[in-house]
file upload_8.txt (compact mmCIF, C-alpha atoms and all ligand atoms)
# COMPACT_ATOMS: atom_id res chain seq x y z
CA MET A 1 61.99 -50.70 181.02
CA LYS A 2 64.64 -50.97 178.34
CA LEU A 3 64.47 -47.22 177.90
CA LYS A 4 64.89 -46.68 181.60
CA VAL A 5 68.00 -48.89 181.65
CA ALA A 6 69.41 -47.07 178.66
CA PHE A 7 68.77 -43.76 180.39
CA LEU A 8 70.48 -44.95 183.58
CA ASN A 9 73.44 -46.14 181.53
CA LEU A 10 73.65 -42.75 179.91
CA ILE A 11 73.65 -41.06 183.33
CA ALA A 12 76.36 -43.48 184.50
CA LEU A 13 78.43 -42.67 181.42
CA MET A 14 78.08 -38.96 182.03
CA VAL A 15 79.12 -39.36 185.66
CA PHE A 16 82.00 -41.76 185.13
CA ALA A 17 83.34 -40.63 181.77
CA ILE A 18 85.77 -38.26 183.45
CA PRO A 19 88.68 -37.72 181.08
CA ALA A 20 91.81 -39.52 182.24
CA SER A 21 94.12 -36.67 181.40
CA ALA A 22 94.21 -33.35 183.12
CA HIS A 23 94.67 -29.93 181.66
CA PHE A 24 97.92 -28.17 182.39
CA GLN A 25 99.05 -24.67 181.60
CA MET A 26 102.47 -24.96 180.01
CA VAL A 27 105.20 -22.31 180.08
CA TYR A 28 107.76 -24.17 178.04
CA THR A 29 111.24 -23.70 176.69
CA PRO A 30 113.54 -26.63 175.91
CA GLU A 31 116.67 -25.54 177.83
CA ILE A 32 116.40 -24.09 181.34
CA ALA A 33 119.94 -24.71 182.61
CA LYS A 34 121.94 -22.40 180.38
CA ASN A 35 125.67 -21.82 180.43
CA LYS A 36 125.38 -18.40 178.84
CA GLY A 37 122.67 -15.86 178.31
CA ALA A 38 120.91 -16.18 174.98
CA GLU A 39 117.68 -15.36 173.20
CA THR A 40 115.07 -17.69 174.69
CA GLN A 41 111.67 -18.60 173.36
CA PHE A 42 108.76 -19.72 175.53
CA LYS A 43 105.51 -21.34 174.44
CA LEU A 44 102.42 -20.75 176.54
CA VAL A 45 99.95 -23.56 175.87
CA PHE A 46 96.90 -24.75 177.81
CA THR A 47 96.68 -28.43 177.00
CA HIS A 48 96.71 -32.06 178.12
CA PRO A 49 100.45 -32.82 178.06
CA TYR A 50 100.65 -36.57 178.64
CA GLU A 51 98.43 -37.45 175.72
CA ALA A 52 99.25 -34.33 173.68
CA GLY A 53 95.48 -34.08 173.76
CA HIS A 54 92.91 -31.35 173.35
CA THR A 55 94.46 -27.87 173.42
CA MET A 56 92.26 -25.15 174.86
CA GLY A 57 92.22 -21.65 173.38
CA MET A 58 93.95 -19.23 175.73
CA GLY A 59 92.94 -15.61 176.03
CA MET A 60 95.48 -12.81 176.44
CA PRO A 61 97.21 -13.53 179.78
CA GLN A 62 96.50 -11.21 182.68
CA GLU A 63 100.17 -11.23 183.69
CA PHE A 64 103.40 -12.63 182.28
CA TYR A 65 106.70 -11.59 183.83
CA MET A 66 109.98 -12.86 185.16
CA LEU A 67 111.72 -12.37 188.46
CA HIS A 68 115.47 -12.32 188.05
CA GLN A 69 118.05 -12.51 190.80
CA LYS A 70 121.79 -12.55 190.27
CA GLY A 71 123.26 -14.37 193.27
CA GLU A 72 121.44 -14.97 196.54
CA GLU A 73 122.35 -11.49 197.82
CA GLY A 74 121.34 -9.70 194.63
CA LYS A 75 118.29 -7.53 194.19
CA THR A 76 115.28 -9.23 192.59
CA LYS A 77 114.32 -7.54 189.35
CA LYS A 78 110.82 -7.87 187.92
CA VAL A 79 110.67 -7.73 184.14
CA ASP A 80 107.27 -7.48 182.49
CA LEU A 81 107.12 -9.79 179.46
CA LYS A 82 103.63 -9.07 178.14
CA SER A 83 104.99 -6.96 175.30
CA TYR A 84 106.80 -10.05 173.93
CA LEU A 85 103.63 -12.15 173.67
CA LYS A 86 102.56 -13.16 170.18
CA PRO A 87 99.50 -15.31 169.42
CA ILE A 88 100.20 -18.69 167.82
CA THR A 89 98.16 -21.79 167.01
CA TRP A 90 99.31 -24.90 168.83
CA LYS A 91 98.61 -28.30 167.30
CA SER A 92 97.83 -31.19 169.61
CA LEU A 93 97.28 -34.71 168.29
CA THR A 94 93.54 -34.06 168.18
CA ASN A 95 93.01 -30.34 167.48
CA SER A 96 94.49 -26.85 167.27
CA GLY A 97 94.13 -24.13 169.87
CA GLU A 98 95.14 -20.53 170.40
CA ALA A 99 98.31 -20.20 172.42
CA TYR A 100 101.13 -17.67 172.83
CA GLU A 101 104.84 -17.51 172.30
CA ALA A 102 107.34 -15.05 173.71
CA THR A 103 110.82 -14.62 172.29
CA LEU A 104 112.92 -12.98 174.96
CA PRO A 105 115.92 -11.14 173.53
CA LYS A 106 119.41 -11.81 174.82
CA LYS A 107 119.54 -8.37 176.44
CA ILE A 108 117.06 -9.52 179.11
CA VAL A 109 118.36 -13.13 179.42
CA ARG A 110 122.01 -12.18 179.64
CA SER A 111 123.09 -11.92 183.23
CA MET A 112 123.84 -14.91 185.44
CA GLY A 113 121.41 -16.13 188.06
CA ASP A 114 117.87 -17.39 188.40
CA TYR A 115 114.86 -16.49 186.34
CA THR A 116 111.36 -17.33 187.57
CA LEU A 117 108.80 -17.12 184.79
CA VAL A 118 105.32 -16.32 186.11
CA LEU A 119 102.12 -16.63 184.11
CA VAL A 120 98.70 -15.56 185.37
CA PRO A 121 96.41 -16.56 182.52
CA ALA A 122 92.97 -15.16 181.86
CA PRO A 123 90.34 -17.51 183.37
CA TYR A 124 89.36 -20.13 180.80
CA TYR A 125 85.70 -21.07 180.48
CA GLU A 126 85.26 -24.85 180.55
CA GLY A 127 81.87 -25.42 178.97
CA GLU A 128 81.54 -29.07 179.93
CA GLU A 129 81.74 -28.26 183.63
CA ASP A 130 80.36 -24.70 183.38
CA ILE A 131 83.29 -23.36 185.39
CA TYR A 132 86.29 -21.10 184.87
CA ILE A 133 89.84 -22.38 185.30
CA GLN A 134 92.87 -20.19 186.00
CA GLN A 135 96.20 -21.96 186.33
CA VAL A 136 98.84 -19.70 187.85
CA THR A 137 102.06 -21.19 186.48
CA LYS A 138 105.76 -21.00 187.30
CA THR A 139 108.74 -22.23 185.26
CA TYR A 140 112.37 -21.68 186.20
CA MET A 141 115.57 -21.01 184.34
CA ASN A 142 119.19 -20.44 185.35
CA VAL A 143 122.11 -18.85 183.54
CA GLY A 144 125.70 -19.67 184.42
CA GLY A 145 125.03 -21.78 187.53
CA LEU A 146 124.95 -18.84 189.94
CA PRO A 147 121.87 -19.39 192.12
CA GLY A 148 119.30 -16.75 192.94
CA ASN A 149 115.68 -16.53 193.98
CA TRP A 150 114.49 -20.03 193.01
CA ALA A 151 113.30 -20.77 196.58
CA ALA A 152 111.54 -17.44 197.11
CA PRO A 153 107.76 -17.13 196.89
CA ALA A 154 106.66 -14.80 194.09
CA GLY A 155 103.77 -13.43 196.17
CA LEU A 156 101.09 -14.97 193.94
CA LYS A 157 97.53 -15.69 195.02
CA THR A 158 98.44 -19.35 194.89
CA GLU A 159 101.80 -20.88 194.00
CA TRP A 160 104.31 -23.66 194.47
CA VAL A 161 107.53 -22.80 196.26
CA PRO A 162 110.25 -25.32 195.43
CA LEU A 163 112.66 -26.68 198.04
CA VAL A 164 114.86 -28.22 195.32
CA LYS A 165 116.30 -26.27 192.39
CA PRO A 166 113.72 -26.93 189.66
CA TYR A 167 116.32 -26.50 186.90
CA ALA A 168 118.87 -28.90 188.42
CA MET A 169 117.10 -32.23 188.75
CA TRP A 170 118.71 -35.55 187.83
CA THR A 171 116.30 -38.27 186.80
CA GLY A 172 115.13 -40.07 189.95
CA MET A 173 115.87 -37.15 192.26
CA VAL A 174 113.18 -36.23 194.77
CA PHE A 175 111.51 -32.92 194.08
CA LYS A 176 109.95 -31.15 197.03
CA ALA A 177 107.70 -28.09 197.04
CA GLN A 178 105.23 -26.28 199.26
CA LEU A 179 101.81 -25.12 198.13
CA LEU A 180 100.73 -21.63 199.20
CA SER A 181 97.47 -19.73 199.02
CA ASN A 182 97.77 -16.04 199.92
CA GLY A 183 101.19 -16.94 201.33
CA LYS A 184 99.86 -19.65 203.67
CA PRO A 185 100.48 -23.42 203.32
CA VAL A 186 97.61 -25.47 201.88
CA PRO A 187 97.29 -28.86 203.61
CA ASN A 188 95.63 -31.92 202.07
CA ALA A 189 95.22 -30.39 198.61
CA ASP A 190 94.64 -32.56 195.55
CA VAL A 191 97.59 -32.40 193.17
CA GLU A 192 97.70 -33.77 189.65
CA VAL A 193 101.04 -34.82 188.20
CA GLU A 194 101.64 -35.26 184.53
CA TYR A 195 104.62 -36.07 182.32
CA MET A 196 105.18 -34.18 179.07
CA ASN A 197 105.01 -37.36 177.06
CA HIS A 198 105.28 -35.79 173.60
CA GLU A 199 108.18 -33.48 172.85
CA PRO A 200 107.03 -29.96 171.98
CA ASP A 201 108.16 -28.96 168.48
CA MET A 202 109.19 -25.31 168.84
CA LYS A 203 109.37 -24.68 165.09
CA ASN A 204 106.01 -26.09 164.13
CA ASN A 205 104.07 -25.20 167.30
CA ALA A 206 102.98 -28.79 167.77
CA PHE A 207 103.54 -31.87 169.87
CA GLU A 208 105.60 -34.63 168.32
CA LYS A 209 103.50 -37.67 167.44
CA LYS A 210 105.89 -40.10 169.09
CA ALA A 211 105.11 -40.82 172.74
CA LYS A 212 107.98 -41.29 175.19
CA SER A 213 106.10 -43.71 177.43
CA LYS A 214 102.92 -45.75 177.52
CA ALA A 215 100.55 -45.68 180.48
CA PRO A 216 99.50 -49.18 181.59
CA HIS A 217 96.29 -47.77 183.08
CA ASP A 218 94.38 -44.48 183.03
CA ALA A 219 95.52 -43.64 186.55
CA PHE A 220 99.11 -43.35 185.27
CA VAL A 221 98.23 -40.68 182.71
CA THR A 222 97.50 -38.18 185.46
CA MET A 223 98.96 -39.25 188.75
CA GLY A 224 97.32 -38.12 191.98
CA ILE A 225 99.16 -37.00 195.08
CA LYS A 226 98.20 -34.84 198.05
CA THR A 227 99.96 -32.13 200.00
CA ASP A 228 100.75 -33.08 203.60
CA ALA A 229 99.60 -31.26 206.75
CA HIS A 230 102.02 -28.40 205.99
CA GLY A 231 101.34 -28.14 202.26
CA TYR A 232 104.38 -30.09 201.06
CA ILE A 233 104.70 -32.62 198.26
CA GLU A 234 107.55 -34.93 197.36
CA PHE A 235 107.95 -36.63 194.02
CA ALA A 236 110.83 -38.63 192.58
CA THR A 237 110.95 -38.18 188.80
CA PRO A 238 111.16 -41.64 187.20
CA LYS A 239 112.07 -40.41 183.71
CA ALA A 240 114.02 -37.59 182.09
CA GLY A 241 111.96 -34.75 180.71
CA TRP A 242 109.35 -32.33 181.96
CA TRP A 243 107.05 -32.94 184.91
CA GLY A 244 104.08 -30.73 185.81
CA PHE A 245 102.36 -30.44 189.19
CA CYS A 246 98.92 -28.86 189.43
CA ALA A 247 97.12 -28.11 192.70
CA LEU A 248 93.40 -27.96 192.03
CA GLY A 249 91.43 -25.02 193.36
CA SER A 250 94.17 -24.01 195.79
CA GLY A 251 93.75 -20.27 195.20
CA PRO A 252 91.63 -17.85 197.22
CA ASP A 253 89.46 -16.73 194.27
CA THR A 254 86.48 -19.04 193.83
CA GLU A 255 84.22 -17.05 191.52
CA TYR A 256 84.59 -15.37 188.15
CA LYS A 257 81.80 -13.68 186.17
CA GLY A 258 79.19 -15.25 188.45
CA LYS A 259 80.51 -18.79 187.90
CA GLU A 260 82.68 -21.13 189.89
CA LEU A 261 86.42 -20.53 189.41
CA SER A 262 89.08 -23.15 189.97
CA GLN A 263 92.23 -21.16 190.69
CA ASP A 264 95.04 -23.69 190.40
CA ALA A 265 98.79 -23.56 191.01
CA VAL A 266 101.13 -25.16 188.47
CA ILE A 267 104.88 -25.69 188.54
CA TRP A 268 107.10 -27.36 185.93
CA ILE A 269 110.42 -29.08 186.53
CA LYS A 270 112.82 -30.77 184.15
CA ALA A 271 114.71 -33.97 184.97
CA VAL A 272 117.94 -34.79 183.14
CA ASP A 273 119.62 -38.21 182.84
CA MET A 274 123.02 -38.69 184.48
CU CU B 301 90.94 -30.74 180.19
call {"tool": "encode", "arguments": {"input": "upload_8.txt", "output": "structure tokens"}}
result
Amino acid sequence: MKLKVAFLNLIALMVFAIPASAHFQMVYTPEIAKNKGAETQFKLVFTHPYEAGHTMGMGMPQEFYMLHQKGEEGKTKKVDLKSYLKPITWKSLTNSGEAYEATLPKKIVRSMGDYTLVLVPAPYYEGEEDIYIQQVTKTYMNVGGLPGNWAAPAGLKTEWVPLVKPYAMWTGMVFKAQLLSNGKPVPNADVEVEYMNHEPDMKNNAFEKKAKSKAPHDAFVTMGIKTDAHGYIEFATPKAGWWGFCALGSGPDTEYKGKELSQDAVIWIKAVDM
């Protein structure tokens, strides 16, 4: 009898011990609203940003490029960035994991306008769930204030299309975006929201130990929102810093190497205090 109870408890633990934090693919650089073109370094890390928790080893990305547009009438230029990728080891507060960095020279981050950074990572095998995860991620940057293609879809299998400039957000401003799968809106999708609660240390490839906020409850570590009937979300950023939005399984691909694939869409925005 005792054994049976213990067994049932174990089952309950396995079912309910869902980690509070969610994994997020980061495409990170500290400054995305630049006055002038300059060499810019990005860190590509697959991790749990709120808690600076477990970092998962990334494989070589399938695609990494930027879409640059100088002025809203300008031609959009696609620049492949895979040749700039260099493997690094990223330290979380609990482990180290393989990640990538890309140092983009000034010659390609020189002209004014918008830069959309697009990462299509290799599917990551999550052993605990026996599934693959692929988080298609977008991060934005602007040089000189001249707008460009920030509101244009990149034509990805699944992606967020912002309705607010992602690089020009005051703290407290409402961010709005639409979730697409094969170019069509995704209604009622589950979206995880997480705050980058530990500053990334670009020099040491690590998260800073100091947390910027403390969650009063597990549900605040990874917030949950849903897209509406037309695939839109709205979110007012309560604190300066980086905010990530991840739509779970929004992409059209559902299988990889004979296993279930969760093809997610991630977008990062940065809020700045007034
Ligand atoms: Cu995880």
call {"tool": "residues_around", "arguments": {"input": "upload_8.txt", "residues": "Ala33 of chain A", "least_positions_apart": "4", "cutoff": "9 Å", "atoms": "only C-alpha atoms", "output": "JSON, numbers by chain"}}
result
{"A": [140, 141, 142, 143, 144, 145, 167, 168]}
call {"tool": "residues_near_ligand", "arguments": {"input": "upload_8.txt", "ligand": "ligand CU 301 (chain B)", "cutoff": "7 Å", "atoms": "only C-alpha atoms and all ligand atoms", "output": "PyMOL selection string"}}
result
chain A and resi 21-23+47-48
call {"tool": "atom_distance", "arguments": {"input": "upload_8.txt", "atom1": "atom CA of Tyr28 of chain A", "atom2": "atom CA of Leu104 of chain A"}}
result
12.7 Å
call {"tool": "atom_distance", "arguments": {"input": "upload_8.txt", "atom1": "atom CA of Asp201 of chain A", "atom2": "atom CA of Glu101 of chain A"}}
result
12.5 Å
call {"tool": "residues_near_point", "arguments": {"input": "upload_8.txt", "point": "(95.5, -45.3, 184.0)", "cutoff": "12 Å", "atoms": "only C-alpha atoms", "output": "VMD selection string"}}
result
chain A and resid 19 to 21 50 to 51 194 214 to 224
call {"tool": "atom_distance", "arguments": {"input": "upload_8.txt", "atom1": "atom CA of Gly241 of chain A", "atom2": "atom CA of Lys165 of chain A"}}
result
15.1 Å
call {"tool": "residues_around", "arguments": {"input": "upload_8.txt", "residues": "Trp268 of chain A", "least_positions_apart": "5", "cutoff": "12 Å", "atoms": "only C-alpha atoms", "output": "number ranges by chain"}}
result
A: 24-30, 32, 49, 116-119, 136-141, 159-162, 165-167, 169, 175, 177, 192-196, 237, 241-246
call {"tool": "closest_residue", "arguments": {"input": "upload_8.txt", "among": "A:Gln69, A:Asn149, A:Asn182, A:Gln263", "to": "Gly249 of chain A", "atoms": "only C-alpha atoms"}}
result
A:Gln263
call {"tool": "closest_residue", "arguments": {"input": "upload_8.txt", "among": "A:Pro252, A:Pro121, A:Pro187, A:Pro200", "to": "Ile225 of chain A", "atoms": "only C-alpha atoms"}}
result
A:Pro187
call {"tool": "closest_residue", "arguments": {"input": "upload_8.txt", "among": "A:Lys226, A:His198, A:His54, A:Lys78", "to": "Ser92 of chain A", "atoms": "all atoms listed in the file"}}
result
A:His54
call {"tool": "axis_aligned_box", "arguments": {"input": "upload_8.txt", "around": "segment 251-270 of chain A", "padding_each_side": "8 Å", "output": "lines of an AutoDock Vina configuration file"}}
result
center_x = 96.0
center_y = -22.2
center_z = 190.7
size_x = 49.6
size_y = 33.1
size_z = 29.1
call {"tool": "residues_around", "arguments": {"input": "upload_8.txt", "residues": "His68 of chain A", "least_positions_apart": "5", "cutoff": "10 Å", "atoms": "only C-alpha atoms", "output": "list in words"}}
result
Gly74, Lys75, Thr76, Lys77, Lys78, Val79, Ile108, Val109, Ser111, Met112, Gly113, Asp114, Tyr115, Thr116, Leu117, Met141, Asn142, Gly148, Asn149 and Trp150 of chain A
call {"tool": "write_last_selection", "arguments": {"input": "upload_8.txt", "atoms": "C-alpha atoms", "output": "compact mmCIF listing (two decimals), in the frame of the given file"}}
result
# COMPACT_ATOMS: atom_id res chain seq x y z
CA GLY A 74 121.34 -9.70 194.63
CA LYS A 75 118.29 -7.53 194.19
CA THR A 76 115.28 -9.23 192.59
CA LYS A 77 114.32 -7.54 189.35
CA LYS A 78 110.82 -7.87 187.92
CA VAL A 79 110.67 -7.73 184.14
CA ILE A 108 117.06 -9.52 179.11
CA VAL A 109 118.36 -13.13 179.42
CA SER A 111 123.09 -11.92 183.23
CA MET A 112 123.84 -14.91 185.44
CA GLY A 113 121.41 -16.13 188.06
CA ASP A 114 117.87 -17.39 188.40
CA TYR A 115 114.86 -16.49 186.34
CA THR A 116 111.36 -17.33 187.57
CA LEU A 117 108.80 -17.12 184.79
CA MET A 141 115.57 -21.01 184.34
CA ASN A 142 119.19 -20.44 185.35
CA GLY A 148 119.30 -16.75 192.94
CA ASN A 149 115.68 -16.53 193.98
CA TRP A 150 114.49 -20.03 193.01
call {"tool": "residues_around", "arguments": {"input": "upload_8.txt", "residues": "Glu199 of chain A", "least_positions_apart": "4", "cutoff": "8 Å", "atoms": "only C-alpha atoms", "output": "ChimeraX atom specification"}}
result
/A:207-208,210-211
call {"tool": "write_last_selection", "arguments": {"input": "upload_8.txt", "atoms": "C-alpha atoms", "output": "PDB file, in the coordinates of the input"}}
result
ATOM      1  CA  PHE A 207     103.540 -31.870 169.870  1.00  0.00           C
ATOM      2  CA  GLU A 208     105.600 -34.630 168.320  1.00  0.00           C
ATOM      3  CA  LYS A 210     105.890 -40.100 169.090  1.00  0.00           C
ATOM      4  CA  ALA A 211     105.110 -40.820 172.740  1.00  0.00           C
TER       5      ALA A 211
END
call {"tool": "closest_residue", "arguments": {"input": "upload_8.txt", "among": "A:Lys212, A:Lys176, A:Lys259, A:Lys203", "to": "Phe235 of chain A", "atoms": "all atoms listed in the file"}}
result
A:Lys176
call {"tool": "build_atoms", "arguments": {"input": "upload_8.txt", "residues": "segment 144-155 of chain A", "atoms": "all heavy atoms", "output": "PDB file, in the coordinates of the input"}}
result
ATOM      1  N   GLY A 144     124.337 -19.689 183.888  1.00  0.00           N
ATOM      2  CA  GLY A 144     125.700 -19.670 184.420  1.00  0.00           C
ATOM      3  C   GLY A 144     125.920 -20.388 185.744  1.00  0.00           C
ATOM      4  O   GLY A 144     127.029 -20.359 186.283  1.00  0.00           O
ATOM      5  N   GLY A 145     124.859 -20.994 186.313  1.00  0.00           N
ATOM      6  CA  GLY A 145     125.030 -21.780 187.530  1.00  0.00           C
ATOM      7  C   GLY A 145     124.957 -20.985 188.827  1.00  0.00           C
ATOM      8  O   GLY A 145     124.839 -21.569 189.901  1.00  0.00           O
ATOM      9  N   LEU A 146     125.060 -19.671 188.739  1.00  0.00           N
ATOM     10  CA  LEU A 146     124.950 -18.840 189.940  1.00  0.00           C
ATOM     11  C   LEU A 146     123.502 -18.874 190.413  1.00  0.00           C
ATOM     12  O   LEU A 146     122.609 -18.523 189.664  1.00  0.00           O
ATOM     13  CB  LEU A 146     125.362 -17.401 189.600  1.00  0.00           C
ATOM     14  CG  LEU A 146     125.427 -16.410 190.765  1.00  0.00           C
ATOM     15  CD1 LEU A 146     126.632 -16.683 191.655  1.00  0.00           C
ATOM     16  CD2 LEU A 146     125.468 -14.985 190.239  1.00  0.00           C
ATOM     17  N   PRO A 147     123.271 -19.305 191.688  1.00  0.00           N
ATOM     18  CA  PRO A 147     121.870 -19.390 192.120  1.00  0.00           C
ATOM     19  C   PRO A 147     121.268 -18.016 192.405  1.00  0.00           C
ATOM     20  O   PRO A 147     121.973 -17.014 192.446  1.00  0.00           O
ATOM     21  CB  PRO A 147     121.945 -20.241 193.389  1.00  0.00           C
ATOM     22  CG  PRO A 147     123.316 -20.052 193.906  1.00  0.00           C
ATOM     23  CD  PRO A 147     124.203 -19.732 192.730  1.00  0.00           C
ATOM     24  N   GLY A 148     119.984 -18.013 192.638  1.00  0.00           N
ATOM     25  CA  GLY A 148     119.300 -16.750 192.940  1.00  0.00           C
ATOM     26  C   GLY A 148     118.042 -17.029 193.733  1.00  0.00           C
ATOM     27  O   GLY A 148     118.089 -17.705 194.762  1.00  0.00           O
ATOM     28  N   ASN A 149     116.914 -16.553 193.204  1.00  0.00           N
ATOM     29  CA  ASN A 149     115.680 -16.530 193.980  1.00  0.00           C
ATOM     30  C   ASN A 149     114.781 -17.753 193.774  1.00  0.00           C
ATOM     31  O   ASN A 149     113.577 -17.677 193.998  1.00  0.00           O
ATOM     32  CB  ASN A 149     114.888 -15.270 193.613  1.00  0.00           C
ATOM     33  CG  ASN A 149     114.634 -15.155 192.110  1.00  0.00           C
ATOM     34  OD1 ASN A 149     115.313 -15.797 191.307  1.00  0.00           O
ATOM     35  ND2 ASN A 149     113.670 -14.372 191.716  1.00  0.00           N
ATOM     36  N   TRP A 150     115.348 -18.894 193.346  1.00  0.00           N
ATOM     37  CA  TRP A 150     114.490 -20.030 193.010  1.00  0.00           C
ATOM     38  C   TRP A 150     113.613 -20.489 194.173  1.00  0.00           C
ATOM     39  O   TRP A 150     112.531 -21.005 193.972  1.00  0.00           O
ATOM     40  CB  TRP A 150     115.329 -21.199 192.471  1.00  0.00           C
ATOM     41  CG  TRP A 150     116.298 -21.759 193.475  1.00  0.00           C
ATOM     42  CD1 TRP A 150     117.584 -21.345 193.671  1.00  0.00           C
ATOM     43  CD2 TRP A 150     116.057 -22.800 194.421  1.00  0.00           C
ATOM     44  NE1 TRP A 150     118.156 -22.071 194.687  1.00  0.00           N
ATOM     45  CE2 TRP A 150     117.248 -22.973 195.158  1.00  0.00           C
ATOM     46  CE3 TRP A 150     114.962 -23.619 194.703  1.00  0.00           C
ATOM     47  CZ2 TRP A 150     117.377 -23.921 196.181  1.00  0.00           C
ATOM     48  CZ3 TRP A 150     115.083 -24.564 195.724  1.00  0.00           C
ATOM     49  CH2 TRP A 150     116.267 -24.706 196.449  1.00  0.00           C
ATOM     50  N   ALA A 151     114.062 -20.285 195.421  1.00  0.00           N
ATOM     51  CA  ALA A 151     113.300 -20.770 196.580  1.00  0.00           C
ATOM     52  C   ALA A 151     112.404 -19.705 197.195  1.00  0.00           C
ATOM     53  O   ALA A 151     111.758 -19.941 198.208  1.00  0.00           O
ATOM     54  CB  ALA A 151     114.260 -21.302 197.634  1.00  0.00           C
ATOM     55  N   ALA A 152     112.337 -18.537 196.548  1.00  0.00           N
ATOM     56  CA  ALA A 152     111.540 -17.440 197.110  1.00  0.00           C
ATOM     57  C   ALA A 152     110.125 -17.458 196.561  1.00  0.00           C
ATOM     58  O   ALA A 152     109.933 -17.627 195.356  1.00  0.00           O
ATOM     59  CB  ALA A 152     112.215 -16.106 196.788  1.00  0.00           C
ATOM     60  N   PRO A 153     109.119 -17.255 197.419  1.00  0.00           N
ATOM     61  CA  PRO A 153     107.760 -17.130 196.890  1.00  0.00           C
ATOM     62  C   PRO A 153     107.665 -15.872 196.011  1.00  0.00           C
ATOM     63  O   PRO A 153     108.369 -14.889 196.255  1.00  0.00           O
ATOM     64  CB  PRO A 153     106.889 -16.961 198.146  1.00  0.00           C
ATOM     65  CG  PRO A 153     107.750 -17.319 199.307  1.00  0.00           C
ATOM     66  CD  PRO A 153     109.169 -17.110 198.877  1.00  0.00           C
ATOM     67  N   ALA A 154     106.822 -15.945 194.981  1.00  0.00           N
ATOM     68  CA  ALA A 154     106.660 -14.800 194.090  1.00  0.00           C
ATOM     69  C   ALA A 154     105.533 -13.880 194.563  1.00  0.00           C
ATOM     70  O   ALA A 154     105.256 -12.861 193.942  1.00  0.00           O
ATOM     71  CB  ALA A 154     106.401 -15.282 192.663  1.00  0.00           C
ATOM     72  N   GLY A 155     104.867 -14.267 195.651  1.00  0.00           N
ATOM     73  CA  GLY A 155     103.770 -13.430 196.170  1.00  0.00           C
ATOM     74  C   GLY A 155     102.490 -13.569 195.366  1.00  0.00           C
ATOM     75  O   GLY A 155     101.693 -12.639 195.300  1.00  0.00           O
TER      76      GLY A 155
END
